[in-house]
>>> print(open('upload-v7.txt').read())   # compact mmCIF, C-alpha atoms
# COMPACT_ATOMS: atom_id res chain seq x y z
CA MET A 1 235.30 -109.12 34.46
CA GLN A 2 234.22 -108.63 38.08
CA SER A 3 235.64 -112.01 39.06
CA PRO A 4 239.37 -112.68 39.47
CA ILE A 5 238.58 -116.36 38.90
CA PHE A 6 237.09 -115.66 35.47
CA ASP A 7 239.89 -113.21 34.70
CA ALA A 8 242.48 -115.87 35.39
CA MET A 9 240.55 -118.54 33.51
CA LEU A 10 240.18 -116.43 30.37
CA SER A 11 243.77 -115.20 30.40
CA LEU A 12 245.37 -118.64 30.30
CA PRO A 13 247.47 -119.45 27.21
CA GLN A 14 245.26 -120.96 24.52
CA GLY A 15 247.76 -123.17 22.71
CA GLU A 16 248.23 -123.63 18.98
CA ASN A 17 245.26 -125.88 18.22
CA GLN A 18 242.45 -123.33 18.11
CA GLU A 19 239.81 -125.94 17.29
CA ASN A 20 240.19 -127.62 20.69
CA ILE A 21 239.97 -124.45 22.76
CA GLU A 22 236.98 -124.52 25.11
CA GLY A 23 234.50 -121.74 24.52
CA ARG A 24 235.29 -121.21 20.86
CA SER A 25 232.06 -122.84 19.72
CA ASP A 26 228.80 -124.25 20.99
CA ASP A 27 230.17 -127.72 20.28
CA ASN A 28 233.10 -127.18 22.65
CA PRO A 29 231.86 -125.00 25.55
CA ILE A 30 233.71 -124.12 28.72
CA VAL A 31 232.64 -126.72 31.25
CA LEU A 32 232.07 -125.49 34.81
CA HIS A 33 231.90 -128.70 36.80
CA GLY A 34 229.43 -128.80 39.68
CA ILE A 35 227.57 -125.67 38.60
CA VAL A 36 223.80 -125.79 38.10
CA ARG A 37 222.83 -124.17 34.80
CA GLN A 38 219.91 -122.19 36.22
CA GLU A 39 222.09 -120.78 39.00
CA PHE A 40 224.73 -119.72 36.48
CA ASP A 41 222.03 -118.12 34.33
CA HIS A 42 221.00 -116.08 37.38
CA LEU A 43 224.60 -114.96 37.87
CA LEU A 44 224.87 -113.93 34.22
CA CYS A 45 221.63 -111.96 34.54
CA TYR A 46 223.11 -110.10 37.50
CA LEU A 47 226.42 -109.42 35.69
CA HIS A 48 224.50 -108.02 32.73
CA GLY A 49 222.41 -105.69 34.86
CA ARG A 50 219.22 -107.74 35.20
CA ARG A 51 218.45 -107.88 38.91
CA GLY A 52 215.31 -110.02 38.95
CA GLY A 53 213.03 -107.11 39.85
CA SER A 54 210.01 -108.39 37.90
CA ASP A 55 210.12 -111.95 39.28
CA SER A 56 207.76 -113.39 41.85
CA GLU A 57 208.95 -113.35 45.46
CA LEU A 58 209.98 -117.00 45.31
CA GLU A 59 211.77 -116.60 41.98
CA ARG A 60 213.55 -113.48 43.20
CA ARG A 61 214.74 -115.24 46.33
CA GLU A 62 216.07 -118.15 44.24
CA PHE A 63 217.78 -115.61 41.99
CA LEU A 64 219.41 -113.85 44.95
CA ILE A 65 220.57 -117.10 46.57
CA SER A 66 222.13 -118.16 43.25
CA VAL A 67 223.94 -114.82 42.99
CA LEU A 68 225.09 -115.17 46.61
CA LYS A 69 226.37 -118.72 46.09
CA LEU A 70 228.23 -118.16 42.83
CA SER A 71 229.51 -114.71 43.79
CA ASP A 72 231.11 -116.33 46.81
CA LEU A 73 232.54 -119.11 44.66
CA TYR A 74 233.93 -116.82 41.97
CA GLN A 75 234.91 -113.98 44.33
CA ILE A 76 232.53 -111.41 42.88
CA ASP A 77 232.41 -109.02 45.83
CA THR A 78 229.80 -106.67 44.38
CA GLY A 79 227.47 -109.60 43.62
CA PHE A 80 227.90 -111.00 47.11
CA GLN A 81 227.12 -107.69 48.80
CA PHE A 82 224.17 -107.10 46.47
CA ALA A 83 222.64 -110.48 47.33
CA VAL A 84 223.16 -110.04 51.07
CA SER A 85 221.61 -106.57 51.00
CA GLU A 86 218.60 -107.65 48.95
CA LEU A 87 217.92 -110.83 50.92
CA LYS A 88 217.66 -108.96 54.22
CA ARG A 89 215.13 -106.48 52.88
CA ALA A 90 211.57 -106.71 54.17
CA SER A 91 209.60 -109.03 51.93
CA PRO A 92 206.05 -110.38 51.75
CA MET A 93 207.62 -113.84 51.71
CA PRO A 94 209.10 -114.73 55.12
CA PHE A 95 212.82 -115.47 55.14
CA GLU A 96 212.71 -118.66 57.20
CA PRO A 97 215.15 -118.66 60.15
CA SER A 98 216.48 -122.11 59.19
CA LEU A 99 217.31 -120.94 55.66
CA LYS A 100 218.81 -117.72 56.99
CA LEU A 101 220.94 -119.78 59.39
CA LYS A 102 222.04 -122.09 56.58
CA LEU A 103 223.12 -119.21 54.36
CA GLY A 104 224.79 -117.47 57.28
CA ARG A 105 226.76 -120.64 58.06
CA GLN A 106 227.76 -121.42 54.50
CA TYR A 107 228.73 -117.94 53.39
CA ARG A 108 230.06 -116.55 56.70
CA ILE A 109 227.34 -113.93 57.08
CA ASN A 110 227.81 -113.87 60.84
CA LYS A 111 225.21 -111.18 61.54
CA TRP A 112 222.48 -113.54 60.29
CA VAL A 113 223.40 -116.49 62.49
CA GLU A 114 222.52 -115.29 66.00
CA PRO A 115 219.03 -113.87 65.30
CA ALA A 116 218.13 -116.89 63.17
CA PHE A 117 219.24 -119.33 65.87
CA CYS A 118 217.41 -117.37 68.58
CA ALA A 119 214.21 -117.44 66.50
CA LEU A 120 214.47 -121.23 66.23
CA MET A 121 215.14 -121.51 69.97
CA GLU A 122 211.74 -119.93 70.62
CA ARG A 123 209.96 -122.84 68.92
CA PRO A 124 209.21 -126.30 70.32
CA VAL A 125 211.64 -128.91 69.02
CA SER A 126 208.71 -130.96 67.71
CA SER A 127 207.74 -128.13 65.35
CA ILE A 128 211.12 -128.13 63.57
CA THR A 129 210.85 -130.07 60.33
CA ARG A 130 213.45 -132.42 58.88
CA LEU A 131 214.22 -129.82 56.20
CA GLU A 132 214.73 -127.11 58.81
CA ALA A 133 216.99 -129.38 60.88
CA HIS A 134 219.03 -130.15 57.74
CA GLN A 135 219.33 -126.46 56.95
CA MET A 136 220.49 -125.72 60.50
CA GLY A 137 223.29 -128.28 60.25
CA MET A 138 223.95 -131.09 62.70
CA GLU A 139 226.12 -129.05 65.06
CA PHE A 140 223.65 -126.20 65.51
CA PHE A 141 220.66 -128.52 65.70
CA TRP A 142 222.46 -130.56 68.37
CA ILE A 143 223.13 -127.40 70.40
CA LEU A 144 219.46 -126.43 70.14
CA VAL A 145 218.13 -129.88 71.09
CA THR A 146 220.47 -130.41 74.04
CA THR A 147 219.80 -126.90 75.36
CA LYS A 148 216.05 -127.49 75.14
CA ALA A 149 216.43 -130.85 76.92
CA GLU A 150 218.48 -129.29 79.75
CA ILE A 151 215.87 -126.56 80.19
CA GLU A 152 213.05 -129.12 80.33
CA ASP A 153 214.94 -131.23 82.89
CA HIS A 154 215.54 -128.16 85.04
CA TYR A 155 211.92 -127.05 85.11
CA ARG A 156 210.61 -130.55 85.75
CA ALA A 157 212.91 -130.76 88.78
CA LEU A 158 211.91 -127.26 89.87
CA ALA A 159 208.20 -128.06 89.57
CA TYR A 160 208.55 -131.29 91.53
CA THR A 161 209.69 -129.69 94.79
CA GLU A 162 208.47 -126.31 95.99
CA PRO A 163 211.08 -123.74 97.08
CA ALA A 164 211.44 -123.62 100.85
CA LEU A 165 209.21 -121.08 102.52
CA ASP A 166 211.44 -118.67 104.45
CA GLN A 167 209.74 -117.89 107.73
CA LEU A 168 211.35 -115.05 109.61
CA GLY A 169 211.33 -115.82 113.31
CA ASP A 170 208.20 -114.69 115.13
CA LEU A 171 206.85 -112.66 112.21
CA CYS A 172 204.80 -115.67 111.07
CA GLU A 173 202.28 -116.84 113.66
CA THR A 174 201.19 -119.94 111.69
CA PRO A 175 204.39 -121.43 110.20
CA GLN A 176 203.08 -124.99 109.81
CA ALA A 177 199.84 -123.88 108.17
CA CYS A 178 201.67 -121.51 105.85
CA ALA A 179 204.13 -124.24 104.80
CA ALA A 180 201.32 -126.71 104.07
CA VAL A 181 199.31 -124.22 102.02
CA TRP A 182 202.41 -123.11 100.13
CA LYS A 183 203.29 -126.70 99.21
CA ASP A 184 199.77 -127.31 97.94
CA GLU A 185 199.67 -124.04 96.00
CA TRP A 186 203.03 -124.70 94.38
CA TRP A 187 202.07 -128.15 93.15
CA ASN A 188 198.53 -127.34 92.06
CA GLY A 189 199.25 -123.86 90.76
CA ILE A 190 202.79 -122.79 89.89
CA ALA A 191 204.08 -126.26 88.95
CA ARG A 192 201.26 -126.70 86.46
CA HIS A 193 202.18 -123.44 84.78
CA LEU A 194 205.84 -124.50 84.64
CA LEU A 195 204.94 -127.84 83.03
CA HIS A 196 202.13 -126.71 80.73
CA PRO A 197 202.60 -128.67 77.46
CA GLU A 198 201.63 -125.81 75.12
CA THR A 199 202.13 -122.47 76.87
CA PRO A 200 204.43 -122.92 79.87
CA CYS A 201 205.05 -119.89 82.08
CA ARG A 202 208.72 -119.93 83.01
CA SER A 203 209.86 -116.36 83.11
CA GLN A 204 210.70 -114.92 86.48
CA SER A 205 208.33 -111.99 85.96
CA GLY A 206 205.54 -114.35 84.90
CA ILE A 207 205.87 -116.55 87.99
CA ILE A 208 206.03 -113.52 90.28
CA ALA A 209 202.90 -112.10 88.64
CA LEU A 210 201.10 -115.41 89.21
CA LEU A 211 202.04 -115.40 92.88
CA GLU A 212 201.09 -111.76 93.38
CA GLY A 213 197.70 -112.46 91.85
CA THR A 214 197.06 -115.64 93.82
CA ASP A 215 194.42 -115.56 96.52
CA PHE A 216 195.59 -117.97 99.18
CA ASP A 217 192.26 -117.73 101.05
CA SER A 218 194.13 -116.50 104.13
CA GLY A 219 196.08 -119.78 104.16
CA ILE A 220 199.44 -118.01 103.96
CA CYS A 221 200.13 -114.94 106.02
CA SER A 222 201.15 -111.76 104.25
CA THR A 223 204.66 -112.00 105.69
CA CYS A 224 205.29 -115.45 104.22
CA LYS A 225 203.77 -114.46 100.86
CA ALA A 226 205.97 -111.37 100.65
CA GLY A 227 208.99 -113.44 101.72
CA ILE A 228 208.57 -116.11 99.04
CA ILE A 229 208.04 -113.47 96.36
CA LEU A 230 211.26 -111.70 97.37
CA LYS A 231 213.08 -115.04 97.44
CA LEU A 232 211.94 -115.98 93.94
CA MET A 233 212.82 -112.54 92.63
CA ASP A 234 216.43 -113.22 93.64
CA SER A 235 216.45 -116.87 92.57
CA PRO A 236 218.55 -117.91 89.55
CA ALA A 237 216.31 -120.96 89.18
CA LEU A 238 213.68 -118.88 87.39
CA GLN A 239 216.31 -117.32 85.11
CA TYR A 240 217.65 -120.67 83.95
CA GLU A 241 215.99 -120.74 80.52
CA GLU A 242 217.31 -117.32 79.52
CA ALA A 243 220.77 -118.15 80.85
CA GLN A 244 220.95 -121.45 78.96
CA GLU A 245 219.76 -119.83 75.74
CA ASP A 246 222.48 -117.20 76.11
CA ILE A 247 225.09 -119.94 76.61
CA ALA A 248 223.80 -121.82 73.56
CA THR A 249 224.05 -118.66 71.47
CA VAL A 250 227.65 -118.16 72.61
CA PHE A 251 228.46 -121.74 71.54
CA VAL A 252 226.80 -121.18 68.17
CA MET A 253 228.70 -117.98 67.47
CA ASP A 254 231.99 -119.47 68.64
CA TYR A 255 231.47 -122.40 66.27
CA GLN A 256 230.52 -119.99 63.49
CA MET A 257 233.61 -117.86 63.98
CA ASN A 258 236.14 -120.56 64.81
CA GLY A 259 234.65 -123.94 63.93
>>> encode(input="upload-v7.txt", output="structure tokens")
Amino acid sequence: MQSPIFDAMLSLPQGENQENIEGRSDDNPIVLHGIVRQEFDHLLCYLHGRRGGSDSELERREFLISVLKLSDLYQIDTGFQFAVSELKRASPMPFEPSLKLKLGRQYRINKWVEPAFCALMERPVSSITRLEAHQMGMEFFWILVTTKAEIEDHYRALAYTEPALDQLGDLCETPQACAAVWKDEWWNGIARHLLHPETPCRSQSGIIALLEGTDFDSGICSTCKAGIILKLMDSPALQYEEAQEDIATVFVMDYQMNG
């Protein structure tokens, strides 16, 4: 047998009453409590060399998940590695990030957890279904939701008040006019992009590109425009989303490894 659990089970002393020994007949089978019959059938198919190659994509994935689950339970190392290898292969049927995260959590496949979580972080919270949230697990879903909320709070606050316009001494001849135009442009231009409900622009490079392409109708002098662009290029405020996502990923992996 490929399983030390089965080896131990089948090597136990049988006793003198042969009629009561489990597995001797169909009327007295070995009972595996908590095991779904179809999943065990999939494991038996694997152990006997049938690898589900002719099944549909959905059936094959169910077969592989069953092999993964029961190989982990019964310590069948070859079955576990086979299932992991086959599940990560390119397939016409998408391997949903939430399912990948669930399997990574349950069976300690750490290399699946980070990319699956990052893929879910790219989606709006409202698009995550109840099933996906359940597959993620409460802890990981909580990390995702709170991180998203902190990012939204940050960008709402950032959009509300324009960054100060740095005016370098006598280089700007119209400081008051430049400040007024900049405030108006921030609120009616950049802030709207930051708060867009469907496709917000929040990357530092995206905001800089918007500013570089903005025609201020001579309302802001070239010195002030260049100064604010340089200031925003060095500002951590426009790197907040990426930084928070990195922190969330660290929390997720720490929980995965040590939780």
>>> atom_distance(input="upload-v7.txt", atom1="atom CA of A:Gln204", atom2="atom CA of A:Leu238")
5.0 Å
>>> atom_distance(input="upload-v7.txt", atom1="atom CA of A:Thr147", atom2="atom CA of A:Trp187")
25.1 Å
>>> closest_residue(input="upload-v7.txt", among="A:Ser66, A:Thr161, A:Ser56, A:Gln135", to="A:Lys102", atoms="all atoms listed in the file")
A:Gln135
>>> atom_distance(input="upload-v7.txt", atom1="atom CA of A:Leu171", atom2="atom CA of A:Thr223")
6.9 Å
>>> closest_residue(input="upload-v7.txt", among="A:Phe82, A:Trp142, A:Tyr107, A:Tyr74", to="A:Phe251", atoms="all atoms listed in the file")
A:Trp142
